[in-house]
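Asks: Structure supplied as final08.txt; contents: compact mmCIF, N, CA and C atoms.
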# COMPACT_ATOMS: atom_id res chain seq x y z
N MET A 1 0.86 -1.18 0.00
CA MET A 1 0.00 0.00 0.00
C MET A 1 0.90 1.24 0.00
N PRO A 2 0.88 2.06 -1.06
CA PRO A 2 1.70 3.26 -1.07
C PRO A 2 1.35 4.18 0.10
N GLN A 3 2.37 4.88 0.60
CA GLN A 3 2.16 5.70 1.78
C GLN A 3 1.09 6.78 1.57
N ASN A 4 1.10 7.45 0.44
CA ASN A 4 0.09 8.48 0.20
C ASN A 4 -1.30 7.88 0.22
N ASP A 5 -1.42 6.70 -0.36
CA ASP A 5 -2.70 6.01 -0.36
C ASP A 5 -3.11 5.66 1.08
N PHE A 6 -2.15 5.25 1.90
CA PHE A 6 -2.44 4.91 3.29
C PHE A 6 -3.01 6.13 4.02
N TYR A 7 -2.34 7.25 3.91
CA TYR A 7 -2.80 8.43 4.65
C TYR A 7 -4.16 8.90 4.15
N THR A 8 -4.42 8.79 2.85
CA THR A 8 -5.73 9.14 2.30
C THR A 8 -6.80 8.23 2.90
N LYS A 9 -6.49 6.95 3.03
CA LYS A 9 -7.44 6.01 3.63
C LYS A 9 -7.66 6.31 5.11
N VAL A 10 -6.59 6.69 5.81
CA VAL A 10 -6.74 7.05 7.23
C VAL A 10 -7.74 8.19 7.34
N ARG A 11 -7.51 9.24 6.59
CA ARG A 11 -8.39 10.42 6.66
C ARG A 11 -9.84 10.03 6.37
N ALA A 12 -10.03 9.18 5.38
CA ALA A 12 -11.39 8.75 5.04
C ALA A 12 -11.99 7.83 6.10
N GLY A 13 -11.16 7.05 6.78
CA GLY A 13 -11.65 6.07 7.75
C GLY A 13 -11.92 6.62 9.14
N LEU A 14 -11.46 7.82 9.44
CA LEU A 14 -11.66 8.38 10.78
C LEU A 14 -13.14 8.52 11.11
N ALA A 15 -13.93 8.96 10.14
CA ALA A 15 -15.37 9.10 10.38
C ALA A 15 -16.01 7.75 10.68
N ALA A 16 -15.55 6.70 10.01
CA ALA A 16 -16.10 5.37 10.25
C ALA A 16 -15.86 4.91 11.69
N LEU A 17 -14.72 5.29 12.25
CA LEU A 17 -14.46 4.96 13.66
C LEU A 17 -15.51 5.59 14.56
N LEU A 18 -15.84 6.85 14.27
CA LEU A 18 -16.85 7.52 15.09
C LEU A 18 -18.24 6.92 14.84
N GLN A 19 -18.50 6.49 13.62
CA GLN A 19 -19.77 5.80 13.34
C GLN A 19 -19.86 4.51 14.14
N GLN A 20 -18.74 3.78 14.22
CA GLN A 20 -18.71 2.54 15.03
C GLN A 20 -19.03 2.87 16.48
N TRP A 21 -18.39 3.91 17.03
CA TRP A 21 -18.63 4.30 18.41
C TRP A 21 -20.10 4.64 18.61
N ARG A 22 -20.67 5.39 17.70
CA ARG A 22 -22.09 5.77 17.82
C ARG A 22 -23.00 4.55 17.72
N SER A 23 -22.66 3.59 16.87
CA SER A 23 -23.53 2.42 16.72
C SER A 23 -23.36 1.41 17.85
N GLN A 24 -22.17 1.33 18.43
CA GLN A 24 -21.91 0.36 19.49
C GLN A 24 -22.24 0.90 20.88
N GLY A 25 -22.20 2.21 21.03
CA GLY A 25 -22.41 2.83 22.33
C GLY A 25 -23.82 2.61 22.86
N GLN A 26 -23.95 2.49 24.14
CA GLN A 26 -25.23 2.21 24.80
C GLN A 26 -25.80 3.46 25.46
N ALA A 27 -25.87 4.56 24.69
CA ALA A 27 -26.36 5.82 25.24
C ALA A 27 -26.86 6.69 24.09
N ASP A 28 -27.51 7.82 24.46
CA ASP A 28 -27.94 8.74 23.40
C ASP A 28 -26.74 9.52 22.88
N ALA A 29 -26.94 10.27 21.82
CA ALA A 29 -25.84 10.95 21.13
C ALA A 29 -25.08 11.92 22.04
N ASP A 30 -25.80 12.70 22.84
CA ASP A 30 -25.12 13.65 23.72
C ASP A 30 -24.28 12.93 24.78
N GLN A 31 -24.80 11.83 25.31
CA GLN A 31 -24.04 11.06 26.30
C GLN A 31 -22.80 10.42 25.67
N LEU A 32 -22.94 9.91 24.44
CA LEU A 32 -21.79 9.31 23.76
C LEU A 32 -20.70 10.36 23.50
N ALA A 33 -21.12 11.57 23.14
CA ALA A 33 -20.16 12.65 22.94
C ALA A 33 -19.46 13.01 24.25
N LEU A 34 -20.23 13.05 25.33
CA LEU A 34 -19.66 13.34 26.65
C LEU A 34 -18.67 12.25 27.07
N ILE A 35 -19.05 11.00 26.90
CA ILE A 35 -18.16 9.88 27.25
C ILE A 35 -16.87 9.96 26.44
N LEU A 36 -16.98 10.28 25.17
CA LEU A 36 -15.81 10.39 24.31
C LEU A 36 -14.87 11.49 24.81
N ALA A 37 -15.43 12.67 25.08
CA ALA A 37 -14.61 13.80 25.52
C ALA A 37 -13.99 13.55 26.90
N GLU A 38 -14.77 13.03 27.83
CA GLU A 38 -14.24 12.79 29.18
C GLU A 38 -13.18 11.70 29.17
N THR A 39 -13.39 10.67 28.36
CA THR A 39 -12.39 9.61 28.26
C THR A 39 -11.10 10.15 27.66
N ALA A 40 -11.22 11.00 26.65
CA ALA A 40 -10.02 11.61 26.04
C ALA A 40 -9.22 12.36 27.10
N ARG A 41 -9.92 13.10 27.94
CA ARG A 41 -9.23 13.88 28.97
C ARG A 41 -8.58 12.97 30.01
N VAL A 42 -9.33 12.01 30.51
CA VAL A 42 -8.84 11.13 31.58
C VAL A 42 -7.72 10.22 31.09
N ALA A 43 -7.88 9.66 29.89
CA ALA A 43 -6.88 8.73 29.35
C ALA A 43 -5.73 9.47 28.65
N LYS A 44 -5.80 10.79 28.67
CA LYS A 44 -4.75 11.62 28.06
C LYS A 44 -4.56 11.32 26.57
N LEU A 45 -5.70 11.19 25.87
CA LEU A 45 -5.69 10.97 24.43
C LEU A 45 -5.94 12.26 23.67
N GLY A 46 -6.17 13.30 24.40
CA GLY A 46 -6.43 14.61 23.82
C GLY A 46 -6.99 15.53 24.88
N THR A 47 -7.08 16.78 24.54
CA THR A 47 -7.60 17.76 25.50
C THR A 47 -8.71 18.58 24.83
N PRO A 48 -9.88 18.01 24.72
CA PRO A 48 -10.99 18.76 24.13
C PRO A 48 -11.24 20.03 24.93
N GLU A 49 -11.28 21.17 24.25
CA GLU A 49 -11.55 22.43 24.93
C GLU A 49 -12.98 22.48 25.46
N THR A 50 -13.88 21.91 24.69
CA THR A 50 -15.28 21.82 25.10
C THR A 50 -15.77 20.41 24.81
N THR A 51 -16.85 20.05 25.44
CA THR A 51 -17.47 18.76 25.16
C THR A 51 -18.39 18.93 23.97
N PRO A 52 -18.21 18.11 22.93
CA PRO A 52 -19.07 18.25 21.76
C PRO A 52 -20.50 17.82 22.07
N SER A 53 -21.40 18.31 21.28
CA SER A 53 -22.80 17.88 21.38
C SER A 53 -22.96 16.59 20.57
N GLY A 54 -24.09 15.95 20.76
CA GLY A 54 -24.41 14.77 19.96
C GLY A 54 -24.49 15.11 18.47
N GLU A 55 -24.99 16.32 18.17
CA GLU A 55 -25.06 16.76 16.77
C GLU A 55 -23.67 16.90 16.17
N GLU A 56 -22.75 17.45 16.95
CA GLU A 56 -21.38 17.60 16.46
C GLU A 56 -20.74 16.24 16.23
N LEU A 57 -20.95 15.31 17.14
CA LEU A 57 -20.44 13.95 16.97
C LEU A 57 -21.01 13.33 15.70
N ALA A 58 -22.29 13.55 15.45
CA ALA A 58 -22.92 13.03 14.23
C ALA A 58 -22.27 13.64 12.98
N ARG A 59 -22.01 14.94 13.01
CA ARG A 59 -21.35 15.59 11.86
C ARG A 59 -19.96 14.99 11.64
N TRP A 60 -19.22 14.79 12.72
CA TRP A 60 -17.88 14.22 12.58
C TRP A 60 -17.94 12.82 11.98
N SER A 61 -18.96 12.06 12.34
CA SER A 61 -19.05 10.68 11.84
C SER A 61 -19.50 10.61 10.39
N GLU A 62 -19.84 11.75 9.81
CA GLU A 62 -20.17 11.83 8.39
C GLU A 62 -19.09 12.57 7.61
N ASP A 63 -18.02 12.97 8.28
CA ASP A 63 -16.97 13.80 7.71
C ASP A 63 -15.94 12.94 6.99
N SER A 64 -16.16 12.68 5.72
CA SER A 64 -15.26 11.80 4.97
C SER A 64 -13.89 12.43 4.72
N ALA A 65 -13.77 13.73 4.93
CA ALA A 65 -12.46 14.38 4.77
C ALA A 65 -11.61 14.22 6.03
N GLY A 66 -12.20 13.75 7.12
CA GLY A 66 -11.45 13.51 8.35
C GLY A 66 -10.94 14.78 9.00
N THR A 67 -11.78 15.80 9.06
CA THR A 67 -11.34 17.08 9.63
C THR A 67 -11.75 17.25 11.10
N MET A 68 -12.32 16.23 11.70
CA MET A 68 -12.66 16.31 13.13
C MET A 68 -11.38 16.31 13.96
N PRO A 69 -11.44 16.75 15.21
CA PRO A 69 -10.23 16.71 16.03
C PRO A 69 -9.77 15.26 16.23
N LEU A 70 -8.47 15.05 16.16
CA LEU A 70 -7.92 13.70 16.22
C LEU A 70 -8.19 13.00 17.55
N TRP A 71 -8.40 13.74 18.63
CA TRP A 71 -8.69 13.09 19.90
C TRP A 71 -9.96 12.24 19.81
N ALA A 72 -10.90 12.63 18.96
CA ALA A 72 -12.18 11.89 18.89
C ALA A 72 -12.00 10.47 18.34
N PRO A 73 -11.42 10.28 17.15
CA PRO A 73 -11.23 8.89 16.70
C PRO A 73 -10.21 8.12 17.53
N ARG A 74 -9.19 8.81 18.06
CA ARG A 74 -8.24 8.11 18.94
C ARG A 74 -8.97 7.54 20.15
N THR A 75 -9.85 8.33 20.71
CA THR A 75 -10.61 7.88 21.88
C THR A 75 -11.61 6.81 21.50
N ALA A 76 -12.20 6.93 20.32
CA ALA A 76 -13.13 5.89 19.86
C ALA A 76 -12.41 4.55 19.77
N VAL A 77 -11.20 4.53 19.23
CA VAL A 77 -10.42 3.28 19.17
C VAL A 77 -10.16 2.75 20.57
N PHE A 78 -9.76 3.62 21.46
CA PHE A 78 -9.50 3.23 22.85
C PHE A 78 -10.74 2.55 23.45
N LEU A 79 -11.90 3.14 23.25
CA LEU A 79 -13.14 2.59 23.83
C LEU A 79 -13.61 1.35 23.09
N LEU A 80 -13.55 1.36 21.77
CA LEU A 80 -14.00 0.20 20.99
C LEU A 80 -13.17 -1.04 21.30
N ASN A 81 -11.87 -0.86 21.54
CA ASN A 81 -11.00 -2.00 21.85
C ASN A 81 -11.37 -2.68 23.16
N GLN A 82 -12.10 -1.99 24.02
CA GLN A 82 -12.46 -2.53 25.32
C GLN A 82 -13.87 -3.11 25.36
N MET A 83 -14.61 -2.98 24.29
CA MET A 83 -16.00 -3.43 24.29
C MET A 83 -16.11 -4.94 24.20
N PRO A 84 -17.00 -5.52 25.01
CA PRO A 84 -17.19 -6.97 24.95
C PRO A 84 -17.79 -7.44 23.62
N ALA A 85 -18.42 -6.54 22.86
CA ALA A 85 -19.00 -6.91 21.57
C ALA A 85 -17.92 -7.17 20.52
N ARG A 86 -16.68 -6.80 20.82
CA ARG A 86 -15.53 -7.01 19.95
C ARG A 86 -15.74 -6.42 18.55
N PRO A 87 -16.05 -5.13 18.47
CA PRO A 87 -16.20 -4.51 17.15
C PRO A 87 -14.88 -4.53 16.39
N ALA A 88 -14.99 -4.54 15.08
CA ALA A 88 -13.82 -4.57 14.21
C ALA A 88 -14.08 -3.63 13.03
N PRO A 89 -13.03 -3.22 12.34
CA PRO A 89 -13.22 -2.34 11.19
C PRO A 89 -14.09 -2.99 10.12
N GLN A 90 -14.88 -2.16 9.46
CA GLN A 90 -15.80 -2.65 8.45
C GLN A 90 -15.33 -2.36 7.03
N SER A 91 -14.18 -1.68 6.89
CA SER A 91 -13.65 -1.36 5.57
C SER A 91 -12.14 -1.22 5.67
N GLU A 92 -11.49 -1.17 4.52
CA GLU A 92 -10.04 -0.99 4.50
C GLU A 92 -9.66 0.38 5.05
N ALA A 93 -10.44 1.40 4.70
CA ALA A 93 -10.16 2.76 5.19
C ALA A 93 -10.31 2.82 6.71
N GLU A 94 -11.35 2.18 7.23
CA GLU A 94 -11.53 2.17 8.68
C GLU A 94 -10.40 1.41 9.36
N ALA A 95 -9.93 0.31 8.77
CA ALA A 95 -8.81 -0.44 9.33
C ALA A 95 -7.55 0.42 9.36
N CYS A 96 -7.33 1.20 8.33
CA CYS A 96 -6.17 2.10 8.30
C CYS A 96 -6.28 3.15 9.41
N ALA A 97 -7.46 3.71 9.57
CA ALA A 97 -7.66 4.71 10.62
C ALA A 97 -7.50 4.08 12.00
N TRP A 98 -8.01 2.88 12.17
CA TRP A 98 -7.90 2.16 13.45
C TRP A 98 -6.43 1.92 13.78
N ALA A 99 -5.65 1.43 12.81
CA ALA A 99 -4.22 1.17 13.03
C ALA A 99 -3.47 2.47 13.32
N TYR A 100 -3.79 3.50 12.58
CA TYR A 100 -3.17 4.82 12.79
C TYR A 100 -3.41 5.28 14.23
N CYS A 101 -4.66 5.22 14.69
CA CYS A 101 -4.99 5.65 16.05
C CYS A 101 -4.35 4.73 17.10
N TRP A 102 -4.29 3.45 16.81
CA TRP A 102 -3.66 2.49 17.73
C TRP A 102 -2.22 2.91 18.00
N LEU A 103 -1.50 3.26 16.95
CA LEU A 103 -0.10 3.66 17.12
C LEU A 103 0.02 5.04 17.76
N LYS A 104 -0.95 5.90 17.55
CA LYS A 104 -0.94 7.22 18.18
C LYS A 104 -1.25 7.12 19.68
N ASN A 105 -2.02 6.13 20.07
CA ASN A 105 -2.47 6.02 21.46
C ASN A 105 -1.41 5.45 22.40
N ARG A 106 -0.49 4.67 21.89
CA ARG A 106 0.51 4.03 22.75
C ARG A 106 1.87 4.04 22.08
N ALA A 107 2.91 3.97 22.86
CA ALA A 107 4.27 3.91 22.32
C ALA A 107 4.70 2.45 22.22
N PHE A 108 5.15 2.07 21.05
CA PHE A 108 5.62 0.70 20.82
C PHE A 108 7.04 0.74 20.29
N ASP A 109 7.85 -0.23 20.68
CA ASP A 109 9.22 -0.31 20.22
C ASP A 109 9.35 -1.02 18.87
N SER A 110 8.34 -1.81 18.51
CA SER A 110 8.40 -2.53 17.24
C SER A 110 6.98 -2.78 16.73
N ARG A 111 6.92 -3.09 15.44
CA ARG A 111 5.62 -3.42 14.84
C ARG A 111 5.05 -4.68 15.49
N GLU A 112 5.90 -5.61 15.80
CA GLU A 112 5.45 -6.86 16.43
C GLU A 112 4.86 -6.58 17.80
N GLN A 113 5.49 -5.69 18.55
CA GLN A 113 4.96 -5.34 19.86
C GLN A 113 3.58 -4.67 19.72
N ALA A 114 3.44 -3.82 18.73
CA ALA A 114 2.15 -3.16 18.49
C ALA A 114 1.08 -4.18 18.10
N ARG A 115 1.45 -5.13 17.26
CA ARG A 115 0.50 -6.17 16.86
C ARG A 115 0.13 -7.07 18.04
N ASP A 116 1.12 -7.48 18.80
CA ASP A 116 0.87 -8.37 19.94
C ASP A 116 -0.01 -7.72 21.00
N ALA A 117 0.03 -6.40 21.11
CA ALA A 117 -0.78 -5.70 22.11
C ALA A 117 -2.24 -5.53 21.68
N LEU A 118 -2.52 -5.77 20.41
CA LEU A 118 -3.91 -5.66 19.94
C LEU A 118 -4.79 -6.73 20.60
N PRO A 119 -6.06 -6.42 20.80
CA PRO A 119 -6.98 -7.48 21.21
C PRO A 119 -6.96 -8.59 20.14
N GLU A 120 -7.08 -9.82 20.55
CA GLU A 120 -6.95 -10.97 19.66
C GLU A 120 -7.84 -10.86 18.41
N HIS A 121 -9.08 -10.40 18.58
CA HIS A 121 -10.01 -10.34 17.45
C HIS A 121 -9.64 -9.28 16.42
N LEU A 122 -8.68 -8.40 16.73
CA LEU A 122 -8.28 -7.36 15.78
C LEU A 122 -6.97 -7.66 15.06
N LYS A 123 -6.27 -8.69 15.48
CA LYS A 123 -4.96 -8.97 14.88
C LYS A 123 -5.05 -9.24 13.39
N ALA A 124 -5.94 -10.09 12.96
CA ALA A 124 -6.07 -10.39 11.53
C ALA A 124 -6.67 -9.20 10.75
N PRO A 125 -7.77 -8.59 11.21
CA PRO A 125 -8.33 -7.49 10.43
C PRO A 125 -7.41 -6.27 10.30
N LEU A 126 -6.49 -6.09 11.23
CA LEU A 126 -5.61 -4.91 11.19
C LEU A 126 -4.20 -5.22 10.69
N GLU A 127 -3.93 -6.46 10.30
CA GLU A 127 -2.56 -6.84 9.96
C GLU A 127 -1.94 -5.96 8.87
N LYS A 128 -2.57 -5.85 7.72
CA LYS A 128 -2.00 -5.05 6.62
C LYS A 128 -1.99 -3.57 6.97
N ALA A 129 -3.05 -3.09 7.58
CA ALA A 129 -3.13 -1.68 7.93
C ALA A 129 -2.08 -1.32 8.98
N LEU A 130 -1.84 -2.22 9.93
CA LEU A 130 -0.84 -1.95 10.96
C LEU A 130 0.56 -1.91 10.35
N ASP A 131 0.83 -2.78 9.39
CA ASP A 131 2.11 -2.73 8.69
C ASP A 131 2.29 -1.38 8.01
N ALA A 132 1.26 -0.91 7.31
CA ALA A 132 1.34 0.38 6.62
C ALA A 132 1.47 1.53 7.61
N ALA A 133 0.74 1.45 8.71
CA ALA A 133 0.81 2.50 9.73
C ALA A 133 2.20 2.55 10.36
N TRP A 134 2.78 1.38 10.59
CA TRP A 134 4.12 1.34 11.18
C TRP A 134 5.14 1.94 10.22
N ARG A 135 5.06 1.57 8.93
CA ARG A 135 5.97 2.15 7.93
C ARG A 135 5.78 3.67 7.88
N ASP A 136 4.55 4.10 7.94
CA ASP A 136 4.25 5.53 7.90
C ASP A 136 4.84 6.24 9.13
N GLN A 137 4.67 5.64 10.28
CA GLN A 137 5.19 6.23 11.52
C GLN A 137 6.72 6.28 11.48
N GLN A 138 7.33 5.22 11.01
CA GLN A 138 8.80 5.20 10.95
C GLN A 138 9.34 6.23 9.97
N GLY A 139 8.52 6.58 8.98
CA GLY A 139 8.90 7.60 8.03
C GLY A 139 8.60 9.00 8.57
N LEU A 140 8.19 9.08 9.84
CA LEU A 140 7.88 10.34 10.52
C LEU A 140 6.75 11.10 9.84
N ARG A 141 5.85 10.37 9.19
CA ARG A 141 4.71 10.99 8.56
C ARG A 141 3.46 10.85 9.40
N LEU A 142 3.49 10.03 10.42
CA LEU A 142 2.32 9.80 11.26
C LEU A 142 2.20 10.98 12.23
N VAL A 143 1.24 11.85 11.95
CA VAL A 143 1.09 13.07 12.77
C VAL A 143 -0.23 13.08 13.49
Would you write out, as structure tokens, the structure that this file holds?
Replies:
Amino acid sequence: MPQNDFYTKVRAGLAALLQQWRSQGQADADQLALILAETARVAKLGTPETTPSGEELARWSEDSAGTMPLWAPRTAVFLLNQMPARPAPQSEAEACAWAYCWLKNRAFDSREQARDALPEHLKAPLEKALDAAWRDQQGLRLV
């Protein structure tokens, strides 16, 4: 997967991560937005200046250009990885975004360490995307 293509897929897949969070979450839109923002703050995945509304979260989950704040999809990955329903990416773009956020959320010394730390049900679906994300990060393009 060429690097430019990878980053384009990441940007397109970020909204899908938020759609997953909205579909898997067990609360109304405003509560899901609050949980996302508070988790970002507590888990140190970002520092939202304000808590988004449910409407704003809905707009972000339709944003195929991926212009929402990065703390939102990073936090969605953090929360989705802990769900007992074991959600997984539904597209190649979402897998790229998931792998990108996975590497942004934690520091890993190697690609193997990053893969081994994934929940078991995500290892196969994220294998190619994680390889591309790791190459991208090593090229200092992962921002």
Asks: Between A:Leu17, A:Trp102, A:Val10, A:Thr47, which one has atoms that come closest to Ala65 (chain A), using only N, CA and C atoms?
Replies: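 Looking only at the distances to Ala65 (chain A), the closest residue turns out to be A:Val10.
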Asks: Rounded to one decimal place, report the CA of Glu62 (chain A)-CA of Lys123 (chain A) distance in Å.
Replies: 26.6 Å
Asks: Name all residues at most 7 Å from region 109-120 of chain A (count all atoms listed in the file; drop same-chain ones fewer than 5 positions away) and give them as a list in words.
Replies: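 Once the adjacent positions are removed, what remains is Asn81, Leu130 and Trp134 of chain A.
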Asks: Using DSSP assignments from the backbone, pull out every residue in chain A that falls under alpha helix (DSSP H) and give it to me as a ChimeraX atom specification.
Replies: /A:3-24,29-42,54-60,71-80,92-105,111-117,120-123,127-138
Asks: Distance atom C of Leu18 (chain A)-atom C of Ala72 (chain A), one decimal place?
Replies: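 Taking atom C of Leu18 (chain A) and atom C of Ala72 (chain A), their separation equals 8.0 Å.
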Asks: With a distance cut-off of 8 Å and only C-alpha atoms, select the neighbouring residues of region 25-41 of chain A, excluding the residue or stretch itself and same-chain residues fewer than 3 positions from it, and output the selection as a list in words.
Replies: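 Result of the neighbour search: Trp21, Arg22, Lys44, Leu45, Gly46, Thr47, Pro48, Thr51, Pro52, Ser53, Gly54, Glu55, Leu57, Ala58, Trp71, Ala72, Thr75 and Ala76 of chain A.
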Asks: Please write out, as lines of an AutoDock Vina configuration file, where the centre of an axis-aligned box around all listed atoms of region 112-128 of chain A lies and how long its edges are, in Å to one decimal, after adding 5 Å on each side.
Replies:
center_x = -2.1
center_y = -7.1
center_z = 14.4
size_x = 25.9
size_y = 17.8
size_z = 25.5
Asks: Interatomic distance between CA of Trp60 (chain A) and atom C of Ala15 (chain A)?
Replies: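 Pair CA of Trp60 (chain A) / atom C of Ala15 (chain A) returns 7.0 Å.
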Asks: Restricting the calculation to all atoms listed in the file, which member of A:Ala133, A:Ala43, A:Leu122, A:Val77 is positioned closest to Tyr100 (chain A)?
Replies: A:Ala133
Asks: Give me the residues within 12 Å of Pro84 (chain A) as a VMD selection string, counting only C-alpha atoms and dropping any in the same chain fewer than 2 places off.
Replies: chain A and resid 24 to 25 79 to 82 86 to 88 119 121
